[in-house]
$ cat start02.txt   # compact mmCIF, N, CA and C atoms
# COMPACT_ATOMS: atom_id res chain seq x y z
N MET A 1 3.48 107.67 -84.56
CA MET A 1 3.92 106.85 -83.46
C MET A 1 3.36 107.35 -82.13
N LEU A 2 3.31 108.66 -81.94
CA LEU A 2 2.79 109.24 -80.72
C LEU A 2 1.33 108.86 -80.52
N ARG A 3 0.57 108.87 -81.63
CA ARG A 3 -0.83 108.51 -81.55
C ARG A 3 -0.99 107.04 -81.12
N THR A 4 -0.17 106.17 -81.58
CA THR A 4 -0.21 104.76 -81.24
C THR A 4 0.13 104.55 -79.77
N VAL A 5 1.10 105.29 -79.27
CA VAL A 5 1.47 105.19 -77.85
C VAL A 5 0.32 105.69 -76.99
N THR A 6 -0.32 106.79 -77.38
CA THR A 6 -1.45 107.32 -76.63
C THR A 6 -2.63 106.36 -76.68
N GLU A 7 -2.89 105.79 -77.83
CA GLU A 7 -3.97 104.82 -77.96
C GLU A 7 -3.69 103.59 -77.10
N ALA A 8 -2.44 103.17 -77.07
CA ALA A 8 -2.06 102.01 -76.25
C ALA A 8 -2.25 102.32 -74.76
N ALA A 9 -1.90 103.54 -74.35
CA ALA A 9 -2.06 103.95 -72.95
C ALA A 9 -3.54 103.98 -72.57
N VAL A 10 -4.38 104.52 -73.47
CA VAL A 10 -5.82 104.56 -73.21
C VAL A 10 -6.37 103.15 -73.13
N LEU A 11 -5.94 102.30 -74.05
CA LEU A 11 -6.40 100.91 -74.05
C LEU A 11 -5.98 100.21 -72.76
N ASN A 12 -4.75 100.46 -72.31
CA ASN A 12 -4.27 99.86 -71.04
C ASN A 12 -5.09 100.38 -69.86
N THR A 13 -5.37 101.68 -69.86
CA THR A 13 -6.15 102.26 -68.77
C THR A 13 -7.55 101.67 -68.74
N VAL A 14 -8.19 101.58 -69.92
CA VAL A 14 -9.53 101.00 -70.01
C VAL A 14 -9.50 99.54 -69.55
N THR A 15 -8.51 98.81 -69.96
CA THR A 15 -8.37 97.40 -69.56
C THR A 15 -8.18 97.30 -68.05
N ASP A 16 -7.35 98.18 -67.48
CA ASP A 16 -7.13 98.17 -66.03
C ASP A 16 -8.43 98.48 -65.27
N ILE A 17 -9.15 99.49 -65.75
CA ILE A 17 -10.42 99.85 -65.11
C ILE A 17 -11.41 98.69 -65.22
N GLY A 18 -11.48 98.08 -66.38
CA GLY A 18 -12.37 96.93 -66.57
C GLY A 18 -11.99 95.79 -65.63
N GLY A 19 -10.70 95.56 -65.47
CA GLY A 19 -10.24 94.51 -64.54
C GLY A 19 -10.62 94.82 -63.12
N LEU A 20 -10.47 96.10 -62.70
CA LEU A 20 -10.85 96.50 -61.35
C LEU A 20 -12.35 96.37 -61.12
N VAL A 21 -13.15 96.72 -62.12
CA VAL A 21 -14.60 96.57 -62.00
C VAL A 21 -14.96 95.09 -61.85
N ALA A 22 -14.33 94.26 -62.66
CA ALA A 22 -14.60 92.82 -62.59
C ALA A 22 -14.16 92.25 -61.24
N LEU A 23 -13.00 92.68 -60.74
CA LEU A 23 -12.51 92.23 -59.44
C LEU A 23 -13.46 92.67 -58.33
N THR A 24 -13.90 93.92 -58.36
CA THR A 24 -14.83 94.43 -57.36
C THR A 24 -16.14 93.64 -57.39
N ALA A 25 -16.64 93.40 -58.58
CA ALA A 25 -17.88 92.62 -58.71
C ALA A 25 -17.69 91.22 -58.16
N SER A 26 -16.54 90.61 -58.42
CA SER A 26 -16.27 89.26 -57.91
C SER A 26 -16.22 89.24 -56.39
N VAL A 27 -15.56 90.24 -55.81
CA VAL A 27 -15.45 90.31 -54.35
C VAL A 27 -16.84 90.52 -53.72
N LEU A 28 -17.64 91.41 -54.32
CA LEU A 28 -18.99 91.63 -53.80
C LEU A 28 -19.86 90.37 -53.93
N PHE A 29 -19.73 89.67 -55.03
CA PHE A 29 -20.48 88.43 -55.22
C PHE A 29 -20.04 87.38 -54.21
N LEU A 30 -18.75 87.28 -53.96
CA LEU A 30 -18.24 86.33 -52.96
C LEU A 30 -18.76 86.69 -51.57
N ALA A 31 -18.78 87.97 -51.24
CA ALA A 31 -19.31 88.40 -49.93
C ALA A 31 -20.79 88.04 -49.81
N TRP A 32 -21.53 88.23 -50.87
CA TRP A 32 -22.96 87.90 -50.87
C TRP A 32 -23.15 86.40 -50.70
N GLN A 33 -22.34 85.60 -51.42
CA GLN A 33 -22.42 84.14 -51.29
C GLN A 33 -22.05 83.70 -49.87
N THR A 34 -21.06 84.33 -49.28
CA THR A 34 -20.63 83.99 -47.92
C THR A 34 -21.75 84.29 -46.92
N LYS A 35 -22.41 85.43 -47.08
CA LYS A 35 -23.51 85.78 -46.19
C LYS A 35 -24.63 84.75 -46.31
N ILE A 36 -24.97 84.38 -47.53
CA ILE A 36 -26.02 83.38 -47.72
C ILE A 36 -25.61 82.04 -47.11
N SER A 37 -24.36 81.67 -47.31
CA SER A 37 -23.86 80.41 -46.73
C SER A 37 -23.92 80.45 -45.21
N ASN A 38 -23.54 81.58 -44.61
CA ASN A 38 -23.60 81.71 -43.16
C ASN A 38 -25.04 81.66 -42.65
N ASP A 39 -25.94 82.30 -43.38
CA ASP A 39 -27.35 82.26 -42.98
C ASP A 39 -27.90 80.83 -43.04
N ILE A 40 -27.52 80.10 -44.07
CA ILE A 40 -27.96 78.71 -44.19
C ILE A 40 -27.36 77.87 -43.05
N SER A 41 -26.08 78.10 -42.74
CA SER A 41 -25.44 77.38 -41.63
C SER A 41 -26.14 77.69 -40.32
N GLY A 42 -26.47 78.96 -40.11
CA GLY A 42 -27.17 79.35 -38.88
C GLY A 42 -28.51 78.68 -38.76
N ALA A 43 -29.25 78.64 -39.86
CA ALA A 43 -30.56 77.98 -39.84
C ALA A 43 -30.41 76.49 -39.61
N SER A 44 -29.40 75.89 -40.18
CA SER A 44 -29.16 74.46 -40.02
C SER A 44 -28.80 74.13 -38.57
N VAL A 45 -27.91 74.93 -38.00
CA VAL A 45 -27.49 74.73 -36.61
C VAL A 45 -28.68 74.84 -35.68
N LEU A 46 -29.48 75.87 -35.89
CA LEU A 46 -30.65 76.08 -35.05
C LEU A 46 -31.66 74.94 -35.23
N GLY A 47 -31.85 74.51 -36.47
CA GLY A 47 -32.77 73.40 -36.74
C GLY A 47 -32.34 72.12 -36.06
N ASN A 48 -31.05 71.81 -36.09
CA ASN A 48 -30.55 70.60 -35.43
C ASN A 48 -30.72 70.68 -33.92
N ALA A 49 -30.42 71.84 -33.35
CA ALA A 49 -30.57 72.01 -31.90
C ALA A 49 -32.03 71.87 -31.49
N MET A 50 -32.92 72.46 -32.26
CA MET A 50 -34.35 72.38 -31.93
C MET A 50 -34.86 70.94 -32.09
N ALA A 51 -34.39 70.24 -33.09
CA ALA A 51 -34.81 68.84 -33.27
C ALA A 51 -34.36 67.99 -32.08
N SER A 52 -33.16 68.22 -31.61
CA SER A 52 -32.67 67.48 -30.44
C SER A 52 -33.49 67.82 -29.21
N ASP A 53 -33.86 69.08 -29.06
CA ASP A 53 -34.67 69.49 -27.93
C ASP A 53 -36.06 68.83 -27.99
N ARG A 54 -36.59 68.70 -29.19
CA ARG A 54 -37.89 68.03 -29.33
C ARG A 54 -37.80 66.56 -28.94
N ASP A 55 -36.66 65.94 -29.15
CA ASP A 55 -36.49 64.55 -28.72
C ASP A 55 -36.63 64.44 -27.20
N VAL A 56 -36.06 65.39 -26.48
CA VAL A 56 -36.21 65.41 -25.02
C VAL A 56 -37.67 65.62 -24.65
N ASP A 57 -38.32 66.54 -25.36
CA ASP A 57 -39.75 66.79 -25.10
C ASP A 57 -40.60 65.54 -25.34
N ARG A 58 -40.24 64.77 -26.35
CA ARG A 58 -40.99 63.53 -26.63
C ARG A 58 -40.90 62.55 -25.46
N VAL A 59 -39.73 62.45 -24.86
CA VAL A 59 -39.57 61.56 -23.71
C VAL A 59 -40.45 62.06 -22.57
N MET A 60 -40.45 63.39 -22.35
CA MET A 60 -41.29 63.95 -21.30
C MET A 60 -42.77 63.75 -21.60
N LEU A 61 -43.12 63.78 -22.85
CA LEU A 61 -44.51 63.53 -23.24
C LEU A 61 -44.89 62.09 -22.96
N GLU A 62 -43.95 61.19 -23.22
CA GLU A 62 -44.21 59.77 -22.97
C GLU A 62 -44.30 59.47 -21.47
N TYR A 63 -43.51 60.19 -20.68
CA TYR A 63 -43.50 60.01 -19.23
C TYR A 63 -43.73 61.38 -18.57
N PRO A 64 -44.98 61.83 -18.50
CA PRO A 64 -45.31 63.19 -18.06
C PRO A 64 -44.71 63.61 -16.71
N GLY A 65 -44.50 62.73 -15.80
CA GLY A 65 -43.95 63.10 -14.50
C GLY A 65 -42.52 63.58 -14.54
N LEU A 66 -41.82 63.35 -15.64
CA LEU A 66 -40.41 63.73 -15.73
C LEU A 66 -40.19 65.24 -15.81
N ARG A 67 -41.14 65.96 -16.35
CA ARG A 67 -40.98 67.40 -16.57
C ARG A 67 -40.67 68.14 -15.26
N ALA A 68 -41.29 67.73 -14.18
CA ALA A 68 -41.10 68.40 -12.89
C ALA A 68 -39.65 68.37 -12.42
N TYR A 69 -38.90 67.36 -12.83
CA TYR A 69 -37.50 67.24 -12.43
C TYR A 69 -36.60 68.25 -13.13
N PHE A 70 -37.10 68.87 -14.18
CA PHE A 70 -36.28 69.80 -14.96
C PHE A 70 -36.82 71.23 -14.98
N TYR A 71 -38.10 71.39 -14.69
CA TYR A 71 -38.71 72.71 -14.74
C TYR A 71 -39.22 73.21 -13.39
N GLU A 72 -39.40 72.31 -12.44
CA GLU A 72 -40.07 72.69 -11.19
C GLU A 72 -39.23 72.43 -9.94
N GLY A 73 -37.96 72.11 -10.09
CA GLY A 73 -37.09 71.94 -8.95
C GLY A 73 -37.27 70.66 -8.16
N LYS A 74 -37.99 69.70 -8.71
CA LYS A 74 -38.21 68.43 -8.01
C LYS A 74 -36.90 67.66 -7.95
N PRO A 75 -36.51 67.19 -6.76
CA PRO A 75 -35.24 66.44 -6.64
C PRO A 75 -35.34 65.06 -7.30
N CYS A 76 -34.20 64.58 -7.70
CA CYS A 76 -34.12 63.27 -8.36
C CYS A 76 -34.53 62.17 -7.37
N PRO A 77 -35.32 61.21 -7.82
CA PRO A 77 -35.67 60.09 -6.94
C PRO A 77 -34.41 59.37 -6.46
N ARG A 78 -34.47 58.80 -5.29
CA ARG A 78 -33.30 58.13 -4.71
C ARG A 78 -33.04 56.75 -5.32
N ARG A 79 -34.10 56.11 -5.82
CA ARG A 79 -33.92 54.77 -6.40
C ARG A 79 -35.10 54.47 -7.32
N GLY A 80 -34.99 53.35 -7.99
CA GLY A 80 -36.09 52.87 -8.81
C GLY A 80 -36.02 53.26 -10.28
N ARG A 81 -37.03 52.82 -10.99
CA ARG A 81 -37.11 53.04 -12.44
C ARG A 81 -37.20 54.52 -12.78
N GLN A 82 -37.94 55.29 -11.96
CA GLN A 82 -38.08 56.72 -12.23
C GLN A 82 -36.73 57.43 -12.11
N ARG A 83 -35.89 57.00 -11.15
CA ARG A 83 -34.55 57.58 -11.01
C ARG A 83 -33.74 57.34 -12.29
N GLU A 84 -33.81 56.13 -12.80
CA GLU A 84 -33.08 55.80 -14.03
C GLU A 84 -33.56 56.68 -15.19
N ARG A 85 -34.86 56.87 -15.31
CA ARG A 85 -35.40 57.72 -16.38
C ARG A 85 -34.92 59.16 -16.23
N VAL A 86 -34.97 59.67 -15.02
CA VAL A 86 -34.56 61.05 -14.78
C VAL A 86 -33.08 61.23 -15.12
N LEU A 87 -32.25 60.30 -14.68
CA LEU A 87 -30.81 60.40 -14.96
C LEU A 87 -30.51 60.26 -16.45
N LEU A 88 -31.20 59.34 -17.10
CA LEU A 88 -31.02 59.20 -18.56
C LEU A 88 -31.44 60.47 -19.29
N LEU A 89 -32.56 61.02 -18.88
CA LEU A 89 -33.03 62.25 -19.51
C LEU A 89 -32.10 63.42 -19.20
N ALA A 90 -31.53 63.45 -18.01
CA ALA A 90 -30.58 64.50 -17.66
C ALA A 90 -29.37 64.46 -18.59
N GLY A 91 -28.89 63.26 -18.89
CA GLY A 91 -27.77 63.13 -19.83
C GLY A 91 -28.15 63.61 -21.22
N MET A 92 -29.34 63.22 -21.67
CA MET A 92 -29.81 63.67 -22.98
C MET A 92 -29.95 65.19 -23.01
N TYR A 93 -30.56 65.73 -21.97
CA TYR A 93 -30.78 67.17 -21.90
C TYR A 93 -29.46 67.93 -21.86
N ALA A 94 -28.52 67.43 -21.08
CA ALA A 94 -27.20 68.08 -21.01
C ALA A 94 -26.54 68.10 -22.39
N ASP A 95 -26.62 66.99 -23.11
CA ASP A 95 -26.04 66.95 -24.45
C ASP A 95 -26.72 67.95 -25.38
N VAL A 96 -28.04 68.02 -25.31
CA VAL A 96 -28.79 68.94 -26.16
C VAL A 96 -28.42 70.39 -25.85
N LEU A 97 -28.44 70.75 -24.57
CA LEU A 97 -28.16 72.12 -24.18
C LEU A 97 -26.72 72.51 -24.50
N GLU A 98 -25.79 71.63 -24.19
CA GLU A 98 -24.37 71.90 -24.49
C GLU A 98 -24.17 72.05 -25.99
N GLY A 99 -24.75 71.15 -26.76
CA GLY A 99 -24.63 71.23 -28.21
C GLY A 99 -25.24 72.51 -28.77
N GLY A 100 -26.40 72.88 -28.25
CA GLY A 100 -27.04 74.12 -28.70
C GLY A 100 -26.20 75.34 -28.36
N LEU A 101 -25.64 75.38 -27.16
CA LEU A 101 -24.78 76.50 -26.77
C LEU A 101 -23.54 76.58 -27.65
N MET A 102 -22.88 75.46 -27.86
CA MET A 102 -21.66 75.47 -28.68
C MET A 102 -21.97 75.87 -30.11
N ALA A 103 -23.00 75.28 -30.69
CA ALA A 103 -23.31 75.54 -32.09
C ALA A 103 -23.74 76.98 -32.32
N THR A 104 -24.62 77.49 -31.47
CA THR A 104 -25.10 78.86 -31.69
C THR A 104 -24.03 79.90 -31.37
N ARG A 105 -23.07 79.55 -30.51
CA ARG A 105 -21.96 80.47 -30.25
C ARG A 105 -21.01 80.52 -31.44
N ARG A 106 -20.79 79.39 -32.06
CA ARG A 106 -19.85 79.33 -33.20
C ARG A 106 -20.45 79.88 -34.48
N VAL A 107 -21.74 79.68 -34.67
CA VAL A 107 -22.39 80.16 -35.89
C VAL A 107 -23.28 81.33 -35.48
N ARG A 108 -22.69 82.50 -35.44
CA ARG A 108 -23.38 83.70 -34.96
C ARG A 108 -24.61 84.04 -35.81
N SER A 109 -24.60 83.63 -37.07
CA SER A 109 -25.74 83.98 -37.93
C SER A 109 -27.02 83.29 -37.48
N SER A 110 -26.92 82.32 -36.58
CA SER A 110 -28.14 81.71 -36.05
C SER A 110 -28.88 82.70 -35.15
N GLU A 111 -28.14 83.69 -34.64
CA GLU A 111 -28.69 84.73 -33.77
C GLU A 111 -29.46 84.16 -32.59
N SER A 112 -29.02 83.02 -32.08
CA SER A 112 -29.76 82.34 -31.02
C SER A 112 -28.94 82.00 -29.79
N TYR A 113 -27.70 82.46 -29.71
CA TYR A 113 -26.87 82.09 -28.57
C TYR A 113 -27.49 82.56 -27.26
N GLU A 114 -27.91 83.82 -27.20
CA GLU A 114 -28.47 84.34 -25.96
C GLU A 114 -29.74 83.58 -25.57
N ASP A 115 -30.54 83.18 -26.57
CA ASP A 115 -31.74 82.40 -26.28
C ASP A 115 -31.39 81.04 -25.68
N TRP A 116 -30.39 80.38 -26.27
CA TRP A 116 -29.97 79.07 -25.76
C TRP A 116 -29.36 79.22 -24.37
N LEU A 117 -28.62 80.29 -24.17
CA LEU A 117 -28.02 80.52 -22.85
C LEU A 117 -29.11 80.70 -21.80
N SER A 118 -30.11 81.51 -22.11
CA SER A 118 -31.21 81.73 -21.18
C SER A 118 -31.98 80.43 -20.90
N TYR A 119 -32.26 79.68 -21.93
CA TYR A 119 -32.97 78.41 -21.79
C TYR A 119 -32.15 77.43 -20.94
N SER A 120 -30.86 77.34 -21.24
CA SER A 120 -29.98 76.43 -20.50
C SER A 120 -29.88 76.84 -19.03
N GLN A 121 -29.77 78.14 -18.78
CA GLN A 121 -29.73 78.62 -17.39
C GLN A 121 -31.00 78.22 -16.66
N PHE A 122 -32.13 78.41 -17.30
CA PHE A 122 -33.40 78.07 -16.66
C PHE A 122 -33.43 76.60 -16.26
N ILE A 123 -33.06 75.73 -17.20
CA ILE A 123 -33.12 74.29 -16.92
C ILE A 123 -32.14 73.92 -15.81
N VAL A 124 -30.91 74.40 -15.91
CA VAL A 124 -29.91 74.05 -14.89
C VAL A 124 -30.31 74.61 -13.53
N TRP A 125 -30.78 75.84 -13.49
CA TRP A 125 -31.12 76.47 -12.21
C TRP A 125 -32.39 75.90 -11.60
N HIS A 126 -33.28 75.33 -12.41
CA HIS A 126 -34.55 74.80 -11.88
C HIS A 126 -34.54 73.28 -11.72
N SER A 127 -33.38 72.67 -11.92
CA SER A 127 -33.30 71.22 -11.82
C SER A 127 -32.12 70.80 -10.94
N PRO A 128 -32.41 70.38 -9.71
CA PRO A 128 -31.32 69.87 -8.86
C PRO A 128 -30.59 68.70 -9.53
N THR A 129 -31.31 67.90 -10.29
CA THR A 129 -30.69 66.77 -10.99
C THR A 129 -29.66 67.27 -11.99
N MET A 130 -30.04 68.27 -12.80
CA MET A 130 -29.11 68.81 -13.79
C MET A 130 -27.90 69.45 -13.12
N GLN A 131 -28.13 70.17 -12.04
CA GLN A 131 -27.02 70.82 -11.34
C GLN A 131 -25.99 69.80 -10.88
N SER A 132 -26.46 68.77 -10.19
CA SER A 132 -25.51 67.77 -9.68
C SER A 132 -24.90 66.95 -10.81
N PHE A 133 -25.69 66.65 -11.81
CA PHE A 133 -25.22 65.85 -12.95
C PHE A 133 -24.08 66.57 -13.67
N VAL A 134 -24.29 67.85 -13.94
CA VAL A 134 -23.28 68.64 -14.66
C VAL A 134 -22.05 68.88 -13.80
N LYS A 135 -22.25 69.11 -12.50
CA LYS A 135 -21.12 69.32 -11.59
C LYS A 135 -20.26 68.07 -11.46
N GLU A 136 -20.88 66.89 -11.57
CA GLU A 136 -20.12 65.64 -11.48
C GLU A 136 -19.19 65.46 -12.69
N HIS A 137 -19.56 66.00 -13.83
CA HIS A 137 -18.79 65.82 -15.06
C HIS A 137 -18.62 67.15 -15.79
N PRO A 138 -17.93 68.12 -15.20
CA PRO A 138 -17.83 69.43 -15.82
C PRO A 138 -17.07 69.42 -17.15
N ASP A 139 -16.20 68.44 -17.32
CA ASP A 139 -15.46 68.37 -18.59
C ASP A 139 -16.31 67.81 -19.72
N TRP A 140 -17.41 67.14 -19.40
CA TRP A 140 -18.31 66.63 -20.43
C TRP A 140 -19.19 67.74 -20.99
N TRP A 141 -19.59 68.66 -20.11
CA TRP A 141 -20.49 69.76 -20.49
C TRP A 141 -19.93 71.07 -19.94
N PRO A 142 -18.81 71.56 -20.47
CA PRO A 142 -18.14 72.73 -19.90
C PRO A 142 -19.00 74.00 -19.89
N ASN A 143 -19.81 74.20 -20.90
CA ASN A 143 -20.65 75.41 -20.93
C ASN A 143 -21.73 75.34 -19.87
N LEU A 144 -22.32 74.17 -19.68
CA LEU A 144 -23.34 74.01 -18.65
C LEU A 144 -22.73 74.07 -17.26
N ALA A 145 -21.50 73.55 -17.13
CA ALA A 145 -20.84 73.56 -15.83
C ALA A 145 -20.65 74.99 -15.32
N LYS A 146 -20.46 75.92 -16.24
CA LYS A 146 -20.32 77.33 -15.85
C LYS A 146 -21.62 77.89 -15.28
N LEU A 147 -22.74 77.27 -15.66
CA LEU A 147 -24.05 77.74 -15.20
C LEU A 147 -24.49 77.08 -13.89
N ALA A 148 -23.89 75.93 -13.58
CA ALA A 148 -24.37 75.13 -12.44
C ALA A 148 -23.96 75.71 -11.10
$ encode --input "start02.txt" --output "structure tokens"
Amino acid sequence: MLRTVTEAAVLNTVTDIGGLVALTASVLFLAWQTKISNDISGASVLGNAMASDRDVDRVMLEYPGLRAYFYEGKPCPRRGRQRERVLLLAGMYADVLEGGLMATRRVRSSESYEDWLSYSQFIVWHSPTMQSFVKEHPDWWPNLAKLA
């Protein structure tokens, strides 16, 4: 009987150790899957932000004079078709920059928040149109409003 009790204890110990090894392996596998998932999310967030930024660039490519209003400190025209284009592009740009800041801040694995912050600061600080546009509606673009 003593031998059976000892064998049962050894069997229980081996089973417990096996269970702990399996649990540890499962936790490590879950951590690895989570890291991969976060990396994919970061890449996706960054890809979406960059695609939106390229849309703004395409508009500037179509209308080359618009770039100066966002990169060179040129004031917004007072009237006319060019004013409408600049204001429309300012809204698009604000959405892109705000979205990029929010997304890269929330998904740290994108490792791009500081880059987006620097880029957004440059655009806001070098564009009187963006400064006034964002200041008029700080609740629409709260992250950009902090930069204006």
$ atom_distance --input "start02.txt" --atom1 "atom N of A:Leu117" --atom2 "atom CA of A:Leu101"
6.0 Å
$ select_by_dssp --input "start02.txt" --residues "chain A" --states "alpha helix (DSSP H)" --output "PyMOL selection string"
chain A and resi 2-62+68-71+81-106+113-125+128-136+142-145
$ atom_distance --input "start02.txt" --atom1 "atom CA of A:Ser52" --atom2 "atom CA of A:Trp141"
15.9 Å
$ residues_near_point --input "start02.txt" --point "(-26.7, 73.2, -21.5)" --cutoff "6.5 Å" --atoms "all atoms listed in the file" --output "tab-separated table (two decimals) with N, CA and C atoms, in the coordinates of the input"
chain	number	residue	atom	x	y	z
A	93	TYR	N	-30.56	65.73	-21.97
A	93	TYR	CA	-30.78	67.17	-21.90
A	93	TYR	C	-29.46	67.93	-21.86
A	94	ALA	N	-28.52	67.43	-21.08
A	94	ALA	CA	-27.20	68.08	-21.01
A	94	ALA	C	-26.54	68.10	-22.39
A	95	ASP	N	-26.62	66.99	-23.11
A	95	ASP	CA	-26.04	66.95	-24.45
A	95	ASP	C	-26.72	67.95	-25.38
A	96	VAL	N	-28.04	68.02	-25.31
A	96	VAL	CA	-28.79	68.94	-26.16
A	96	VAL	C	-28.42	70.39	-25.85
A	97	LEU	N	-28.44	70.75	-24.57
A	97	LEU	CA	-28.16	72.12	-24.18
A	97	LEU	C	-26.72	72.51	-24.50
A	98	GLU	N	-25.79	71.63	-24.19
A	98	GLU	CA	-24.37	71.90	-24.49
A	98	GLU	C	-24.17	72.05	-25.99
A	99	GLY	N	-24.75	71.15	-26.76
A	99	GLY	CA	-24.63	71.23	-28.21
A	99	GLY	C	-25.24	72.51	-28.77
A	101	LEU	N	-25.64	75.38	-27.16
A	101	LEU	CA	-24.78	76.50	-26.77
A	101	LEU	C	-23.54	76.58	-27.65
A	120	SER	N	-30.86	77.34	-21.24
A	120	SER	CA	-29.98	76.43	-20.50
A	120	SER	C	-29.88	76.84	-19.03
A	121	GLN	N	-29.77	78.14	-18.78
A	121	GLN	CA	-29.73	78.62	-17.39
A	121	GLN	C	-31.00	78.22	-16.66
A	143	ASN	N	-19.81	74.20	-20.90
A	143	ASN	CA	-20.65	75.41	-20.93
A	143	ASN	C	-21.73	75.34	-19.87
A	144	LEU	N	-22.32	74.17	-19.68
A	144	LEU	CA	-23.34	74.01	-18.65
A	144	LEU	C	-22.73	74.07	-17.26
$ axis_aligned_box --input "start02.txt" --around "stretch 75-87 of chain A" --padding-each-side "6 Å" --output "AutoDock Vina command-line options"
--center_x -34.3 --center_y 60.0 --center_z -10.6 --size_x 19.6 --size_y 26.4 --size_z 23.7
$ atom_distance --input "start02.txt" --atom1 "atom CA of A:Asp53" --atom2 "atom CA of A:Pro77"
23.0 Å
